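Coordinates as given in coords08.txt (compact mmCIF, C-alpha atoms):
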```txt
# COMPACT_ATOMS: atom_id res chain seq x y z
CA MET A 1 42.51 -8.12 -1.50
CA ALA A 2 39.56 -9.53 -3.44
CA SER A 3 40.40 -10.98 -6.86
CA THR A 4 38.49 -10.17 -10.03
CA GLU A 5 36.91 -13.61 -9.88
CA GLU A 6 35.84 -13.18 -6.26
CA ILE A 7 34.19 -9.84 -7.05
CA ARG A 8 32.46 -11.30 -10.11
CA SER A 9 31.23 -14.23 -8.07
CA ASP A 10 29.88 -12.05 -5.27
CA LEU A 11 28.26 -9.71 -7.81
CA ALA A 12 26.67 -12.72 -9.51
CA VAL A 13 25.01 -13.68 -6.22
CA ILE A 14 23.61 -10.15 -5.91
CA VAL A 15 22.29 -10.16 -9.50
CA ASN A 16 20.74 -13.55 -8.85
CA GLU A 17 18.99 -12.38 -5.68
CA ILE A 18 17.60 -9.22 -7.25
CA ALA A 19 16.86 -10.19 -10.84
CA GLY A 20 16.68 -13.98 -10.64
CA ILE A 21 19.47 -14.47 -13.19
CA PRO A 22 21.36 -17.80 -12.75
CA VAL A 23 24.76 -17.02 -11.18
CA GLU A 24 26.63 -18.91 -13.88
CA ASP A 25 25.22 -16.52 -16.51
CA VAL A 26 26.74 -13.48 -14.82
CA GLN A 27 30.06 -13.43 -16.70
CA LEU A 28 32.41 -10.49 -17.34
CA ASP A 29 31.50 -10.09 -21.03
CA LYS A 30 27.74 -10.05 -20.41
CA SER A 31 25.73 -6.84 -20.83
CA PHE A 32 23.35 -6.19 -17.95
CA THR A 33 20.54 -4.97 -20.18
CA ASP A 34 21.06 -6.85 -23.46
CA ASP A 35 22.25 -10.25 -22.20
CA LEU A 36 20.95 -10.52 -18.65
CA ASP A 37 17.72 -8.53 -19.02
CA VAL A 38 18.48 -6.45 -15.91
CA ASP A 39 16.38 -3.30 -16.33
CA SER A 40 17.33 0.15 -15.04
CA LEU A 41 15.44 -0.20 -11.75
CA SER A 42 16.95 -3.60 -11.00
CA MET A 43 20.33 -2.08 -11.88
CA VAL A 44 19.79 0.54 -9.16
CA GLU A 45 19.09 -2.27 -6.69
CA VAL A 46 22.19 -4.17 -7.84
CA VAL A 47 24.30 -1.04 -7.40
CA VAL A 48 23.01 -0.36 -3.88
CA ALA A 49 23.55 -4.00 -2.87
CA ALA A 50 27.06 -3.90 -4.38
CA GLU A 51 27.86 -0.70 -2.47
CA GLU A 52 26.95 -2.44 0.78
CA LYS A 53 28.69 -5.70 -0.07
CA PHE A 54 31.97 -4.16 -1.25
CA ASP A 55 31.89 -0.94 0.81
CA VAL A 56 32.37 1.26 -2.27
CA LYS A 57 30.44 4.28 -3.55
CA ILE A 58 28.90 4.05 -7.01
CA PRO A 59 27.42 7.49 -7.91
CA ASP A 60 24.17 7.71 -9.91
CA ASP A 61 25.90 9.30 -12.90
CA GLU A 62 28.44 6.44 -12.98
CA VAL A 63 25.80 3.72 -13.20
CA LYS A 64 25.05 4.37 -16.88
CA ASN A 65 28.70 3.59 -17.68
CA LEU A 66 28.46 0.13 -16.15
CA LYS A 67 27.19 -1.64 -19.25
CA THR A 68 28.74 -5.05 -18.68
CA VAL A 69 29.44 -7.20 -15.66
CA GLY A 70 33.14 -6.57 -16.41
CA ASP A 71 32.58 -2.78 -16.24
CA ALA A 72 31.01 -3.14 -12.80
CA VAL A 73 33.70 -5.50 -11.54
CA ALA A 74 36.44 -3.13 -12.79
CA PHE A 75 34.74 -0.14 -11.12
CA ILE A 76 34.46 -2.02 -7.83
CA GLU A 77 38.13 -3.11 -8.09
CA ARG A 78 39.20 0.51 -8.61
CA GLY A 79 37.12 1.53 -5.63
CA LEU A 80 38.63 -1.17 -3.42
CA ASN A 81 42.17 -0.41 -4.48
CA GLY A 82 41.85 3.37 -4.80
CA MET B 1 1.66 38.29 36.98
CA THR B 2 -1.30 36.49 35.40
CA ALA B 3 -0.37 33.05 34.18
CA ILE B 4 -1.61 31.78 30.83
CA ALA B 5 -3.57 28.57 31.24
CA ALA B 6 -1.88 25.50 29.78
CA SER B 7 -3.67 23.61 27.05
CA SER B 8 -4.34 19.97 27.73
CA GLY B 9 -5.36 17.20 25.42
CA ALA B 10 -5.94 13.49 25.39
CA GLN B 11 -3.24 11.16 26.66
CA HIS B 12 -3.45 9.01 23.54
CA ALA B 13 -4.67 9.48 19.98
CA GLY B 14 -5.70 7.00 17.37
CA VAL B 15 -7.43 6.56 14.02
CA LEU B 16 -11.18 6.20 14.58
CA GLY B 17 -12.35 5.93 10.99
CA ILE B 18 -10.92 5.65 7.47
CA GLY B 19 -12.65 6.33 4.17
CA SER B 20 -11.72 6.73 0.54
CA TYR B 21 -13.09 7.72 -2.84
CA ARG B 22 -12.13 6.12 -6.15
CA PRO B 23 -13.02 7.96 -9.34
CA ARG B 24 -15.46 6.09 -11.56
CA ARG B 25 -13.43 6.03 -14.75
CA ILE B 26 -10.92 3.18 -15.18
CA VAL B 27 -8.07 4.08 -17.52
CA PRO B 28 -6.26 1.01 -18.88
CA ASN B 29 -2.65 1.10 -20.07
CA SER B 30 -3.92 0.92 -23.64
CA GLU B 31 -5.34 4.44 -23.28
CA ILE B 32 -2.03 5.77 -21.93
CA LEU B 33 -0.27 4.19 -24.90
CA GLU B 34 -2.23 6.41 -27.31
CA HIS B 35 0.11 9.26 -26.31
CA ILE B 36 3.48 7.63 -25.55
CA ASP B 37 5.81 5.22 -27.34
CA SER B 38 5.82 2.35 -24.84
CA SER B 39 4.07 -0.96 -24.20
CA ASP B 40 1.70 -2.55 -21.71
CA GLU B 41 4.47 -4.97 -20.72
CA TRP B 42 7.00 -2.16 -20.15
CA ILE B 43 4.55 -0.21 -17.99
CA GLN B 44 3.66 -3.27 -15.94
CA THR B 45 7.24 -4.44 -15.41
CA ARG B 46 8.46 -0.94 -14.47
CA SER B 47 5.58 0.03 -12.23
CA GLY B 48 3.18 -2.85 -11.61
CA ILE B 49 0.34 -0.65 -12.88
CA LYS B 50 -2.35 -2.39 -14.95
CA GLU B 51 -4.92 0.39 -14.79
CA ARG B 52 -5.62 3.57 -12.88
CA ARG B 53 -8.58 5.78 -12.03
CA TRP B 54 -8.88 9.27 -13.45
CA ALA B 55 -11.45 11.73 -12.18
CA SER B 56 -14.23 13.05 -14.39
CA ASP B 57 -15.17 16.74 -14.37
CA ASP B 58 -17.64 16.35 -11.51
CA GLU B 59 -15.17 14.40 -9.37
CA THR B 60 -13.46 17.49 -8.07
CA VAL B 61 -10.92 17.72 -5.28
CA LEU B 62 -13.78 18.96 -3.09
CA MET B 63 -16.26 16.26 -4.09
CA MET B 64 -13.80 13.36 -3.71
CA SER B 65 -12.61 14.68 -0.33
CA VAL B 66 -16.14 15.02 1.01
CA GLU B 67 -17.08 11.50 -0.09
CA ALA B 68 -13.99 10.00 1.55
CA ALA B 69 -14.53 12.09 4.69
CA LYS B 70 -18.16 11.01 5.02
CA ASP B 71 -17.10 7.35 5.05
CA ALA B 72 -14.39 8.03 7.64
CA LEU B 73 -16.79 10.01 9.82
CA LYS B 74 -19.44 7.31 9.57
CA GLU B 75 -17.02 4.64 10.70
CA SER B 76 -15.77 6.81 13.57
CA GLY B 77 -19.28 7.44 14.86
CA ILE B 78 -18.27 11.03 15.60
CA ASP B 79 -20.73 13.88 15.12
CA PRO B 80 -19.07 16.00 12.39
CA ALA B 81 -19.73 19.12 14.44
CA GLN B 82 -17.16 17.81 16.94
CA ILE B 83 -14.36 17.97 14.37
CA GLY B 84 -12.03 20.71 15.59
CA CYS B 85 -9.70 20.82 12.62
CA VAL B 86 -9.66 19.75 8.98
CA VAL B 87 -6.20 19.14 7.49
CA VAL B 88 -6.05 18.53 3.75
CA SER B 89 -2.94 17.36 1.97
CA THR B 90 -2.99 18.01 -1.75
CA VAL B 91 -0.86 19.43 -4.55
CA THR B 92 -3.73 19.51 -7.06
CA HIS B 93 -6.17 21.97 -5.55
CA LEU B 94 -5.10 24.33 -8.29
CA TYR B 95 -5.69 27.59 -6.47
CA GLN B 96 -3.09 29.23 -4.33
CA THR B 97 -5.78 30.49 -1.95
CA PRO B 98 -8.07 29.90 -0.16
CA ALA B 99 -7.35 26.41 1.08
CA ILE B 100 -9.82 23.73 -0.04
CA ALA B 101 -10.01 22.58 3.60
CA THR B 102 -12.47 25.34 4.56
CA ARG B 103 -15.02 24.29 1.95
CA ILE B 104 -14.60 20.61 2.87
CA ALA B 105 -15.24 21.55 6.51
CA VAL B 106 -18.54 23.18 5.52
CA GLU B 107 -19.59 20.25 3.33
CA VAL B 108 -18.92 17.58 5.96
CA GLY B 109 -20.75 19.46 8.72
CA ALA B 110 -17.87 21.02 10.62
CA PRO B 111 -18.37 24.60 9.39
CA THR B 112 -16.38 26.36 12.11
CA ALA B 113 -13.48 23.89 12.42
CA ALA B 114 -9.96 25.18 11.94
CA ALA B 115 -9.06 24.26 8.37
CA PHE B 116 -5.94 24.40 6.25
CA ASP B 117 -4.07 22.64 3.46
CA VAL B 118 -0.58 21.20 3.66
CA SER B 119 1.85 20.74 0.79
CA ALA B 120 3.72 17.54 1.53
CA ALA B 121 3.15 15.71 -1.75
CA CYS B 122 3.12 11.91 -1.44
CA ALA B 123 4.01 12.12 2.26
CA GLY B 124 0.91 14.23 2.86
CA PHE B 125 -1.36 11.65 4.47
CA CYS B 126 1.29 10.67 7.02
CA TYR B 127 2.10 14.35 7.63
CA GLY B 128 -1.61 14.91 8.24
CA LEU B 129 -1.80 11.96 10.65
CA ALA B 130 1.18 13.32 12.59
CA LEU B 131 -0.37 16.78 12.86
CA ALA B 132 -3.75 15.30 13.81
CA SER B 133 -2.27 13.06 16.50
CA ASP B 134 -0.34 15.95 18.01
CA MET B 135 -3.36 18.26 17.92
CA VAL B 136 -5.50 15.72 19.75
CA ARG B 137 -2.81 15.09 22.35
CA GLY B 138 -1.90 18.76 22.58
CA GLY B 139 -5.47 19.84 23.13
CA SER B 140 -5.94 22.12 20.12
CA ALA B 141 -8.67 19.85 18.71
CA LYS B 142 -10.59 16.93 20.18
CA TYR B 143 -11.16 15.33 16.79
CA VAL B 144 -9.29 15.99 13.54
CA LEU B 145 -10.23 15.10 9.98
CA ALA B 146 -7.08 14.39 7.96
CA ILE B 147 -7.54 14.11 4.20
CA GLY B 148 -5.25 13.25 1.29
CA VAL B 149 -6.67 14.09 -2.12
CA GLU B 150 -5.29 14.43 -5.64
CA ARG B 151 -6.31 14.90 -9.23
CA LEU B 152 -2.83 14.24 -10.57
CA SER B 153 -4.25 13.62 -14.03
CA ASP B 154 -4.69 17.41 -14.24
CA ILE B 155 -0.93 17.98 -13.98
CA THR B 156 0.28 14.84 -15.77
CA ASP B 157 2.13 15.30 -19.05
CA ARG B 158 0.31 12.73 -21.20
CA THR B 159 3.24 12.68 -23.65
CA ASP B 160 5.99 12.01 -21.08
CA ARG B 161 6.76 8.31 -21.34
CA GLY B 162 8.48 8.37 -17.93
CA THR B 163 5.47 9.59 -15.93
CA ALA B 164 2.29 9.49 -18.06
CA PHE B 165 1.35 6.00 -16.83
CA ILE B 166 2.05 6.59 -13.14
CA PHE B 167 -0.18 9.30 -11.78
CA ALA B 168 -3.85 9.02 -10.90
CA ASP B 169 -6.70 10.50 -8.89
CA GLY B 170 -8.57 9.78 -5.67
CA ALA B 171 -9.11 10.73 -2.06
CA GLY B 172 -8.69 9.22 1.39
CA ALA B 173 -9.59 10.44 4.85
CA ALA B 174 -9.04 9.56 8.48
CA VAL B 175 -10.75 10.75 11.64
CA VAL B 176 -8.27 11.03 14.49
CA GLY B 177 -9.35 11.36 18.10
CA PRO B 178 -8.67 10.35 21.70
CA THR B 179 -8.17 6.65 22.43
CA ASP B 180 -7.55 4.54 25.53
CA GLU B 181 -4.27 3.18 24.16
CA PRO B 182 -1.83 4.75 21.68
CA GLY B 183 -3.27 4.21 18.21
CA ILE B 184 -0.74 6.22 16.23
CA GLY B 185 2.95 5.61 16.90
CA PRO B 186 5.57 8.34 17.05
CA VAL B 187 6.18 9.82 13.61
CA VAL B 188 9.58 9.48 11.95
CA TRP B 189 9.71 12.28 9.43
CA GLY B 190 11.98 14.69 7.66
CA SER B 191 13.00 16.20 4.37
CA ASP B 192 15.92 16.43 1.97
CA GLY B 193 15.76 19.68 0.04
CA THR B 194 19.06 18.95 -1.68
CA GLN B 195 17.02 16.63 -3.91
CA HIS B 196 14.17 19.10 -4.50
CA GLN B 197 14.58 18.81 -8.27
CA VAL B 198 14.08 15.05 -8.68
CA ILE B 199 10.27 15.28 -8.41
CA SER B 200 8.85 18.72 -9.13
CA GLN B 201 6.39 20.95 -10.90
CA LYS B 202 8.15 21.62 -14.19
CA GLU B 203 6.75 25.06 -14.99
CA SER B 204 6.09 27.87 -12.52
CA TRP B 205 2.58 29.30 -12.32
CA GLN B 206 3.87 32.39 -14.11
CA GLU B 207 5.21 30.29 -16.97
CA ALA B 208 1.98 28.34 -17.17
CA ALA B 209 -0.16 31.48 -17.16
CA GLY B 210 0.13 32.04 -20.88
CA SER B 211 -0.35 28.37 -21.73
CA GLN B 212 -3.44 26.26 -22.28
CA ASN B 213 -2.18 23.74 -19.75
CA TRP B 214 -1.65 23.54 -16.03
CA PRO B 215 1.97 23.05 -14.99
CA HIS B 216 3.17 19.46 -15.24
CA LEU B 217 4.82 17.11 -12.79
CA THR B 218 8.24 15.83 -13.72
CA MET B 219 10.29 13.08 -12.11
CA ASP B 220 13.81 11.69 -12.46
CA GLY B 221 13.00 8.02 -11.97
CA ASN B 222 16.25 6.32 -10.99
CA PRO B 223 17.37 8.67 -8.16
CA VAL B 224 13.81 8.60 -6.82
CA PHE B 225 13.77 4.80 -6.98
CA ARG B 226 17.08 4.58 -5.15
CA TRP B 227 16.04 7.00 -2.42
CA ALA B 228 12.57 5.56 -1.98
CA SER B 229 13.60 1.91 -2.01
CA PHE B 230 16.54 2.10 0.36
CA GLU B 231 16.55 5.30 2.40
CA MET B 232 12.81 4.97 2.99
CA ALA B 233 13.17 1.36 4.10
CA LYS B 234 15.45 2.68 6.85
CA THR B 235 12.84 5.29 7.81
CA ALA B 236 10.15 2.61 7.90
CA GLN B 237 12.34 0.47 10.16
CA GLN B 238 12.83 3.46 12.48
CA ALA B 239 9.06 3.91 12.69
CA LEU B 240 8.74 0.29 13.84
CA ASP B 241 11.55 0.78 16.33
CA VAL B 242 10.20 3.96 17.95
CA ALA B 243 6.72 2.44 18.13
CA GLY B 244 8.17 -0.59 19.91
CA VAL B 245 6.53 -2.89 17.37
CA PRO B 246 8.75 -5.72 16.12
CA ALA B 247 8.16 -6.76 12.50
CA GLU B 248 6.86 -10.11 13.76
CA GLU B 249 3.93 -8.30 15.39
CA LEU B 250 3.07 -6.26 12.31
CA ASP B 251 -0.01 -7.19 10.26
CA LEU B 252 0.16 -4.81 7.31
CA PHE B 253 2.76 -2.84 5.37
CA VAL B 254 1.12 0.06 3.55
CA PRO B 255 3.75 2.19 1.83
CA HIS B 256 2.73 5.10 -0.40
CA GLN B 257 1.71 3.43 -3.65
CA ALA B 258 4.43 5.01 -5.77
CA ASN B 259 5.55 2.04 -7.83
CA MET B 260 5.27 -1.71 -7.25
CA ARG B 261 9.03 -2.03 -7.74
CA ILE B 262 9.63 0.42 -4.87
CA THR B 263 7.21 -1.51 -2.67
CA ASP B 264 9.00 -4.78 -3.47
CA ALA B 265 12.46 -3.32 -2.90
CA MET B 266 11.36 -1.81 0.43
CA ARG B 267 9.81 -5.09 1.52
CA ARG B 268 13.07 -6.90 0.73
CA ALA B 269 15.20 -4.27 2.50
CA LEU B 270 12.94 -4.38 5.57
CA LYS B 271 13.05 -8.21 5.61
CA LEU B 272 9.38 -8.30 6.59
CA PRO B 273 8.06 -11.69 7.74
CA GLU B 274 5.90 -13.61 5.26
CA HIS B 275 2.70 -13.09 7.25
CA VAL B 276 2.84 -9.29 6.85
CA LYS B 277 0.38 -8.36 4.10
CA VAL B 278 1.70 -5.78 1.67
CA ALA B 279 -0.49 -3.14 0.02
CA ARG B 280 -0.54 -3.45 -3.77
CA ASP B 281 -3.35 -1.08 -4.66
CA ILE B 282 -1.14 0.60 -7.25
CA GLU B 283 -1.90 -2.24 -9.67
CA ARG B 284 -5.49 -1.01 -10.09
CA GLN B 285 -5.30 2.55 -8.84
CA GLY B 286 -1.97 4.04 -9.99
CA ASN B 287 -0.05 6.54 -7.88
CA THR B 288 -2.46 8.94 -6.17
CA SER B 289 0.15 10.73 -4.02
CA ALA B 290 -1.39 11.85 -0.71
CA ALA B 291 -4.47 9.68 -1.23
CA SER B 292 -2.68 6.39 -1.89
CA ILE B 293 -2.28 5.09 1.67
CA PRO B 294 -5.93 5.42 2.80
CA LEU B 295 -7.04 4.13 -0.62
CA ALA B 296 -4.78 1.09 -0.17
CA ILE B 297 -6.03 0.48 3.37
CA THR B 298 -9.67 0.53 2.29
CA ALA B 299 -8.84 -1.83 -0.59
CA MET B 300 -7.21 -4.25 1.85
CA ARG B 301 -10.25 -4.07 4.13
CA GLU B 302 -12.61 -4.75 1.24
CA SER B 303 -10.56 -7.77 0.13
CA GLY B 304 -10.45 -9.12 3.68
CA GLU B 305 -6.66 -8.74 3.95
CA ALA B 306 -6.98 -6.06 6.65
CA LYS B 307 -9.22 -6.08 9.69
CA SER B 308 -10.05 -3.94 12.67
CA GLY B 309 -7.26 -3.89 15.24
CA ASP B 310 -4.50 -4.69 12.74
CA LEU B 311 -1.16 -2.97 13.19
CA ALA B 312 -0.12 -1.23 9.98
CA LEU B 313 3.21 0.34 9.10
CA VAL B 314 2.46 3.36 6.90
CA ILE B 315 5.06 5.47 5.13
CA GLY B 316 4.62 8.37 2.75
CA PHE B 317 7.48 9.80 0.67
CA GLY B 318 7.72 12.11 -2.29
CA ALA B 319 8.45 15.50 -3.78
CA GLY B 320 10.51 17.76 -1.57
CA LEU B 321 11.91 15.35 -0.85
CA VAL B 322 9.72 14.73 2.20
CA TYR B 323 8.84 11.62 4.17
CA ALA B 324 6.91 10.44 7.21
CA ALA B 325 6.22 7.02 8.71
CA GLN B 326 4.16 5.70 11.62
CA VAL B 327 2.70 2.51 12.97
CA ILE B 328 -1.08 2.81 13.30
CA ARG B 329 -3.79 0.52 14.62
CA LEU B 330 -6.69 0.18 12.21
CA PRO B 331 -10.13 1.16 13.49
```
Show me the file's structure as structure tokens.
Amino acid sequence: MASTEEIRSDLAVIVNEIAGIPVEDVQLDKSFTDDLDVDSLSMVEVVVAAEEKFDVKIPDDEVKNLKTVGDAVAFIERGLNG
Amino acid sequence: MTAIAASSGAQHAGVLGIGSYRPRRIVPNSEILEHIDSSDEWIQTRSGIKERRWASDDETVLMMSVEAAKDALKESGIDPAQIGCVVVSTVTHLYQTPAIATRIAVEVGAPTAAAFDVSAACAGFCYGLALASDMVRGGSAKYVLAIGVERLSDITDRTDRGTAFIFADGAGAAVVGPTDEPGIGPVVWGSDGTQHQVISQKESWQEAAGSQNWPHLTMDGNPVFRWASFEMAKTAQQALDVAGVPAEELDLFVPHQANMRITDAMRRALKLPEHVKVARDIERQGNTSAASIPLAITAMRESGEAKSGDLALVIGFGAGLVYAAQVIRLP
């Protein structure tokens, strides 16, 4: 089972590839929009890439609740363990 | 029993000429910003659009179509009287009937051609190409004029900050006819009516009847972005596969000019080789729905990016939802 840190690390690679944010900046307490400057369209791309990477489903109406990297990691963890 | 004779057409069909018409008036983002609370930077980062063209009163759906068609006919070298069918894709010929195609047929010199309009939104040009190719190969027309034309500014809500900056006007046309080798690959097309509400006309004609305004277009950006960027990349890949054209052999990628971000996401998802030139006409032209692909192709020809004989992957996608993709060889 993937650990929280492994999920965060993989997600950081995705955010880096799509939005060009340095991987070390993608920490659990960081807000996608306010801290990392990931806009709503990039967020859609991140979500789709995360769905493929982690084999989880992240519905459109759930995306707005994923405000921080930690929110996304927790959602993915629930999906993997659920 | 008397047998009915079978119809027979050409073995192969291809695009023989392409033309387009750009409205004269350039509308910069600053003009859009007079009506919405946004910024030039926001518009550019969300859409890639720096300016668009909006039609003036005399640049009607008819006029723009005829101008684009004349260019396409000229390049094809076909006598207009030989055109057997005129197919016009538009959502902004604002009359339920008759189709604008019949008047275009008269104006271009094909006054007795079969003529009709199709409603396939931003997929319209590729729908038209598919119909034209099949008509030529099926024998119902030797040559077909396929047109995509829009005056989206007529149905744009200037006060909607989500869409006011996107839509624009223009026309594009292609002459399709018999060719020695296949010039239009098999179409990959379809629809998804479960998402009919994500891009739609907001008010019905009945609701608009008592108003000063035409009905407006409305769009739910994020679901559209997700569908267009990822599902449509799969459709585009299928079009390459069924055409037997590996990405390495492709010269041009000309997706419907919906949004630069969609184009970029599709390009990434398709993993296109570096040498494939990508249409980016949206930067100067905005989103012209059914007209955007031929407009983008003519822009790439004028800049020298595209040349005769190039293989282009074209894909249209939009309200319906509807989509269609083909590989075509440029005339």
TODO: Enumerate as a list in words the residues belonging to chain A that approach chain B to within 8 Å, with all atoms listed in the file taken into account.
DONE: Ser40, Leu41, Val44, Glu45, Val48 and Asp60 of chain A
Which residues, written as a JSON list (two decimals) with C-alpha atoms, in the coordinates of the input, have at least one atom at most 10 Å from Ala50 (chain A), with only C-alpha atoms counted and residues fewer than 3 positions away on the same chain left out?
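Once written, result_12.json looks like this:
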```json
[["chain", "number", "residue", "atom", "x", "y", "z"],
["A", 7, "ILE", "CA", 34.19, -9.84, -7.05],
["A", 10, "ASP", "CA", 29.88, -12.05, -5.27],
["A", 11, "LEU", "CA", 28.26, -9.71, -7.81],
["A", 14, "ILE", "CA", 23.61, -10.15, -5.91],
["A", 15, "VAL", "CA", 22.29, -10.16, -9.50],
["A", 44, "VAL", "CA", 19.79, 0.54, -9.16],
["A", 45, "GLU", "CA", 19.09, -2.27, -6.69],
["A", 46, "VAL", "CA", 22.19, -4.17, -7.84],
["A", 47, "VAL", "CA", 24.30, -1.04, -7.40],
["A", 53, "LYS", "CA", 28.69, -5.70, -0.07],
["A", 54, "PHE", "CA", 31.97, -4.16, -1.25],
["A", 55, "ASP", "CA", 31.89, -0.94, 0.81],
["A", 56, "VAL", "CA", 32.37, 1.26, -2.27],
["A", 57, "LYS", "CA", 30.44, 4.28, -3.55],
["A", 58, "ILE", "CA", 28.90, 4.05, -7.01],
["A", 72, "ALA", "CA", 31.01, -3.14, -12.80],
["A", 73, "VAL", "CA", 33.70, -5.50, -11.54],
["A", 76, "ILE", "CA", 34.46, -2.02, -7.83]]
```
Open item on the list: List as an NGL selection string the protein and nucleic acid residues near region 143-145 of chain B, meaning an atom at most 8 Å away when only C-alpha atoms are counted, but skip any in the same chain fewer than 5 places from it.
Closed with: :B and (69 or 82-87 or 132 or 135-136 or 173-178)
Open item on the list: Residues near Val15 (chain B), anyone? I mean within 12 Å using only C-alpha atoms, not counting same-chain ones fewer than 4 positions away, as a PyMOL selection string.
Closed with: chain B and resi 19+72-73+75-78+126+128-130+132-133+136+143-146+173-185+294+308-312+326-331
Limited to C-alpha atoms, could you put the picked residues into a file as a PDB file, in the frame of the given file?
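Result file follows (out-v3.pdb):
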```pdb
ATOM      1  CA  GLY B  19     -12.650   6.330   4.170  1.00  0.00           C
ATOM      2  CA  ALA B  72     -14.390   8.030   7.640  1.00  0.00           C
ATOM      3  CA  LEU B  73     -16.790  10.010   9.820  1.00  0.00           C
ATOM      4  CA  GLU B  75     -17.020   4.640  10.700  1.00  0.00           C
ATOM      5  CA  SER B  76     -15.770   6.810  13.570  1.00  0.00           C
ATOM      6  CA  GLY B  77     -19.280   7.440  14.860  1.00  0.00           C
ATOM      7  CA  ILE B  78     -18.270  11.030  15.600  1.00  0.00           C
ATOM      8  CA  CYS B 126       1.290  10.670   7.020  1.00  0.00           C
ATOM      9  CA  GLY B 128      -1.610  14.910   8.240  1.00  0.00           C
ATOM     10  CA  LEU B 129      -1.800  11.960  10.650  1.00  0.00           C
ATOM     11  CA  ALA B 130       1.180  13.320  12.590  1.00  0.00           C
ATOM     12  CA  ALA B 132      -3.750  15.300  13.810  1.00  0.00           C
ATOM     13  CA  SER B 133      -2.270  13.060  16.500  1.00  0.00           C
ATOM     14  CA  VAL B 136      -5.500  15.720  19.750  1.00  0.00           C
ATOM     15  CA  TYR B 143     -11.160  15.330  16.790  1.00  0.00           C
ATOM     16  CA  VAL B 144      -9.290  15.990  13.540  1.00  0.00           C
ATOM     17  CA  LEU B 145     -10.230  15.100   9.980  1.00  0.00           C
ATOM     18  CA  ALA B 146      -7.080  14.390   7.960  1.00  0.00           C
ATOM     19  CA  ALA B 173      -9.590  10.440   4.850  1.00  0.00           C
ATOM     20  CA  ALA B 174      -9.040   9.560   8.480  1.00  0.00           C
ATOM     21  CA  VAL B 175     -10.750  10.750  11.640  1.00  0.00           C
ATOM     22  CA  VAL B 176      -8.270  11.030  14.490  1.00  0.00           C
ATOM     23  CA  GLY B 177      -9.350  11.360  18.100  1.00  0.00           C
ATOM     24  CA  PRO B 178      -8.670  10.350  21.700  1.00  0.00           C
ATOM     25  CA  THR B 179      -8.170   6.650  22.430  1.00  0.00           C
ATOM     26  CA  ASP B 180      -7.550   4.540  25.530  1.00  0.00           C
ATOM     27  CA  GLU B 181      -4.270   3.180  24.160  1.00  0.00           C
ATOM     28  CA  PRO B 182      -1.830   4.750  21.680  1.00  0.00           C
ATOM     29  CA  GLY B 183      -3.270   4.210  18.210  1.00  0.00           C
ATOM     30  CA  ILE B 184      -0.740   6.220  16.230  1.00  0.00           C
ATOM     31  CA  GLY B 185       2.950   5.610  16.900  1.00  0.00           C
ATOM     32  CA  PRO B 294      -5.930   5.420   2.800  1.00  0.00           C
ATOM     33  CA  SER B 308     -10.050  -3.940  12.670  1.00  0.00           C
ATOM     34  CA  GLY B 309      -7.260  -3.890  15.240  1.00  0.00           C
ATOM     35  CA  ASP B 310      -4.500  -4.690  12.740  1.00  0.00           C
ATOM     36  CA  LEU B 311      -1.160  -2.970  13.190  1.00  0.00           C
ATOM     37  CA  ALA B 312      -0.120  -1.230   9.980  1.00  0.00           C
ATOM     38  CA  GLN B 326       4.160   5.700  11.620  1.00  0.00           C
ATOM     39  CA  VAL B 327       2.700   2.510  12.970  1.00  0.00           C
ATOM     40  CA  ILE B 328      -1.080   2.810  13.300  1.00  0.00           C
ATOM     41  CA  ARG B 329      -3.790   0.520  14.620  1.00  0.00           C
ATOM     42  CA  LEU B 330      -6.690   0.180  12.210  1.00  0.00           C
ATOM     43  CA  PRO B 331     -10.130   1.160  13.490  1.00  0.00           C
TER      44      PRO B 331
END
```
- [ ] Can you work out the spacing between CA of Ser31 (chain A) and CA of Gln44 (chain B) in Å, to one decimal?
- [x] 22.9 Å
TODO: Using CA of Ile199 (chain B) and CA of Thr218 (chain B) as the two end points, give the distance in Å to one decimal.
DONE: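 CA of Thr218 (chain B) lies 5.7 Å from CA of Ile199 (chain B).
Here CA of Gly138 (chain B) and CA of Pro186 (chain B) stand 14.0 Å from one another.
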Write out N, CA and C atoms for region 29-35 of chain A, as a tab-separated table (two decimals), in the coordinates of the input.
```tsv
chain	number	residue	atom	x	y	z
A	29	ASP	N	31.80	-10.67	-19.70
A	29	ASP	CA	31.50	-10.09	-21.03
A	29	ASP	C	30.00	-9.84	-21.23
A	30	LYS	N	29.19	-10.16	-20.24
A	30	LYS	CA	27.74	-10.05	-20.41
A	30	LYS	C	27.24	-8.62	-20.13
A	31	SER	N	26.37	-8.14	-21.03
A	31	SER	CA	25.73	-6.84	-20.83
A	31	SER	C	24.55	-7.01	-19.87
A	32	PHE	N	24.46	-6.10	-18.92
A	32	PHE	CA	23.35	-6.19	-17.95
A	32	PHE	C	21.99	-6.13	-18.66
A	33	THR	N	21.85	-5.15	-19.56
A	33	THR	CA	20.54	-4.97	-20.18
A	33	THR	C	20.31	-5.95	-21.33
A	34	ASP	N	21.29	-6.07	-22.23
A	34	ASP	CA	21.06	-6.85	-23.46
A	34	ASP	C	21.12	-8.36	-23.23
A	35	ASP	N	22.07	-8.80	-22.39
A	35	ASP	CA	22.25	-10.25	-22.20
A	35	ASP	C	21.49	-10.79	-20.98
```
